[in-house]
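Below is the file input_10.pdb, which contains PDB, C-alpha atoms, pLDDT in the B column.
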ATOM      1  CA  MET M  27      95.787 102.930 124.638  1.00 88.00           C
ATOM      2  CA  GLN M  28      92.567 100.984 124.400  1.00 96.00           C
ATOM      3  CA  LEU M  29      92.982  97.220 123.864  1.00 97.00           C
ATOM      4  CA  LEU M  30      90.244  95.154 122.240  1.00 97.00           C
ATOM      5  CA  THR M  31      89.647  91.461 121.777  1.00 97.00           C
ATOM      6  CA  LEU M  32      89.935  90.147 118.238  1.00 96.00           C
ATOM      7  CA  PRO M  33      86.161  89.734 117.748  1.00 97.00           C
ATOM      8  CA  LYS M  34      85.494  93.298 118.952  1.00 97.00           C
ATOM      9  CA  LEU M  35      88.178  94.773 116.703  1.00 96.00           C
ATOM     10  CA  ALA M  36      86.868  92.806 113.726  1.00 96.00           C
ATOM     11  CA  ALA M  37      83.309  93.982 114.427  1.00 96.00           C
ATOM     12  CA  ARG M  38      84.391  97.618 114.693  1.00 95.00           C
ATOM     13  CA  SER M  39      86.425  97.466 111.493  1.00 93.00           C
ATOM     14  CA  GLY M  40      83.924  95.486 109.451  1.00 94.00           C
ATOM     15  CA  TRP M  41      86.655  92.984 108.552  1.00 95.00           C
ATOM     16  CA  PRO M  42      85.982  89.254 109.042  1.00 96.00           C
ATOM     17  CA  GLU M  43      87.438  87.721 112.189  1.00 97.00           C
ATOM     18  CA  SER M  44      89.256  85.158 110.051  1.00 97.00           C
ATOM     19  CA  ARG M  45      91.146  87.896 108.180  1.00 96.00           C
ATOM     20  CA  VAL M  46      92.152  89.652 111.391  1.00 97.00           C
ATOM     21  CA  ARG M  47      93.215  86.314 112.914  1.00 96.00           C
ATOM     22  CA  ARG M  48      95.354  85.506 109.823  1.00 97.00           C
ATOM     23  CA  MET M  49      96.988  88.923 109.971  1.00 96.00           C
ATOM     24  CA  VAL M  50      97.817  88.445 113.644  1.00 97.00           C
ATOM     25  CA  ALA M  51      99.280  84.989 112.917  1.00 96.00           C
ATOM     26  CA  ARG M  52     101.472  86.469 110.173  1.00 96.00           C
ATOM     27  CA  GLY M  53     102.650  89.250 112.482  1.00 95.00           C
ATOM     28  CA  LEU M  54     101.000  91.999 110.428  1.00 95.00           C
ATOM     29  CA  LEU M  55      98.953  93.510 113.260  1.00 96.00           C
ATOM     30  CA  SER M  56     100.229  94.755 116.598  1.00 95.00           C
ATOM     31  CA  HIS M  57      98.961  92.595 119.434  1.00 96.00           C
ATOM     32  CA  ILE M  58      99.747  91.222 122.875  1.00 96.00           C
ATOM     33  CA  ARG M  59      98.773  88.083 124.738  1.00 95.00           C
ATOM     34  CA  VAL M  60      97.797  88.505 128.364  1.00 94.00           C
ATOM     35  CA  ASN M  61      97.129  85.251 130.225  1.00 95.00           C
ATOM     36  CA  GLY M  62      96.457  83.560 126.890  1.00 93.00           C
ATOM     37  CA  ARG M  63      94.020  86.254 125.796  1.00 95.00           C
ATOM     38  CA  LEU M  64      94.751  87.992 122.495  1.00 96.00           C
ATOM     39  CA  LEU M  65      94.402  91.772 122.689  1.00 97.00           C
ATOM     40  CA  LEU M  66      94.926  94.318 119.927  1.00 97.00           C
ATOM     41  CA  PRO M  67      95.157  98.115 120.024  1.00 97.00           C
ATOM     42  CA  GLU M  68      91.957  99.719 118.776  1.00 96.00           C
ATOM     43  CA  THR M  69      94.064 101.392 116.058  1.00 95.00           C
ATOM     44  CA  ALA M  70      95.752  98.168 114.868  1.00 96.00           C
ATOM     45  CA  ILE M  71      93.922  98.010 111.537  1.00 94.00           C
ATOM     46  CA  GLU M  72      94.170 101.763 110.918  1.00 93.00           C
ATOM     47  CA  ASP M  73      97.918 101.565 111.622  1.00 93.00           C
ATOM     48  CA  TYR M  74      98.329  98.642 109.233  1.00 93.00           C
ATOM     49  CA  VAL M  75      96.475 100.441 106.443  1.00 91.00           C
ATOM     50  CA  ALA M  76      98.445 103.668 106.997  1.00 90.00           C
ATOM     51  CA  ASN M  77     101.767 101.796 106.895  1.00 91.00           C
ATOM     52  CA  HIS M  78     100.877  99.818 103.761  1.00 88.00           C
ATOM     53  CA  PHE M  79      99.087 102.504 101.773  1.00 85.00           C
ATOM     54  CA  VAL M  80     100.349 102.751  98.199  1.00 85.00           C
ATOM     55  CA  ALA M  81     100.091 106.095  96.447  1.00 81.00           C
ATOM     56  CA  ALA M  82      98.832 106.226  92.883  1.00 79.00           C
ATOM     57  CA  ALA M  83     101.571 106.040  90.261  1.00 76.00           C
ATOM     58  CA  GLY M  84      99.668 107.694  87.421  1.00 68.00           C
ATOM     59  CA  ARG M  85      99.934 111.287  86.323  1.00 59.00           C
ATOM     60  CA  SER M  86      96.282 112.149  86.623  1.00 58.00           C
ATOM     61  CA  THR M  87      96.674 115.456  88.431  1.00 57.00           C
ATOM     62  CA  PRO M  88      96.972 118.796  86.620  1.00 55.00           C
ATOM     63  CA  LEU M  89     100.453 119.168  88.103  1.00 55.00           C
ATOM     64  CA  GLY M  90     101.414 115.796  86.616  1.00 52.00           C
ATOM     65  CA  ARG M  91     100.291 116.934  83.168  1.00 52.00           C
ATOM     66  CA  LEU M  92     102.240 120.173  83.554  1.00 50.00           C
ATOM     67  CA  THR M  93     105.359 118.231  84.565  1.00 52.00           C
ATOM     68  CA  LEU M  94     104.965 115.976  81.534  1.00 50.00           C
ATOM     69  CA  ALA M  95     104.630 119.006  79.235  1.00 48.00           C
ATOM     70  CA  VAL M  96     107.755 120.571  80.720  1.00 47.00           C
ATOM     71  CA  GLU M  97     109.672 117.287  80.310  1.00 49.00           C
ATOM     72  CA  ARG M  98     108.647 117.074  76.650  1.00 50.00           C
ATOM     73  CA  LYS M  99     109.733 120.623  75.980  1.00 50.00           C
ATOM     74  CA  THR M 100     113.180 120.033  77.457  1.00 46.00           C
ATOM     75  CA  LEU M 101     113.594 116.685  75.690  1.00 47.00           C
ATOM     76  CA  ILE M 102     112.587 117.975  72.235  1.00 47.00           C
ATOM     77  CA  PRO M 103     114.407 121.259  71.578  1.00 50.00           C
ATOM     78  CA  GLU M 104     112.784 123.702  69.208  1.00 51.00           C
ATOM     79  CA  THR M 105     114.568 124.381  65.941  1.00 53.00           C
ATOM     80  CA  ASP M 106     114.937 127.872  64.458  1.00 55.00           C
ATOM     81  CA  GLN M 107     113.240 128.262  61.107  1.00 51.00           C
TER      82      GLN M 107
END
Written form, structure tokens:
Amino acid sequence: MQLLTLPKLAARSGWPESRVRRMVARGLLSHIRVNGRLLLPETAIEDYVANHFVAAAGRSTPLGRLTLAVERKTLIPETDQ
């Protein structure tokens, strides 16, 4: 596991140092202090994003539309005429 200083991790990720520092202070990013030096795994931000990723709730896929059509058919029974 590669450990990076906070400024190096921020530079690699493109995130501001202040944001990374706040996230460390809140305990949101994995880190360790060695002799007073803050070190973070090079995957700390990727891990955070992966663990906090929220999937879309909408039914925008073709499968979602098919499911909706099937639900409607079962909820509204056809009448014989």
Requested in this report: Using the chain letters and residue numbers of this document, give as a ChimeraX atom specification the residues selected by the PyMOL selection byres ((chain M and resi 68-70) around 8).
Outcome: /M:27-30,35,55-57,66-67,71-74
Query raised in the report: Of the candidates M:Val75, M:Leu32, M:Ala37, M:Ala83, which shows the shortest atom-to-atom distance to Leu54 in chain M, using only C-alpha atoms?
Result: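 Checking each of M:Val75, M:Leu32, M:Ala37, M:Ala83 against Leu54 in chain M, counting only C-alpha atoms, the winner is M:Val75.
Put simply, CA of Arg48 in chain M is 14.3 Å away from CA of Leu65 in chain M.
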Enclose range 33-49 of chain M, meaning all of its atoms listed in the file, in a box aligned along x, y and z, pad it by 4 Å on each side, and list the centre and edge lengths in Å to one decimal, as AutoDock Vina command-line options.
--center_x 90.1 --center_y 91.4 --center_z 113.6 --size_x 21.7 --size_y 20.5 --size_z 18.8
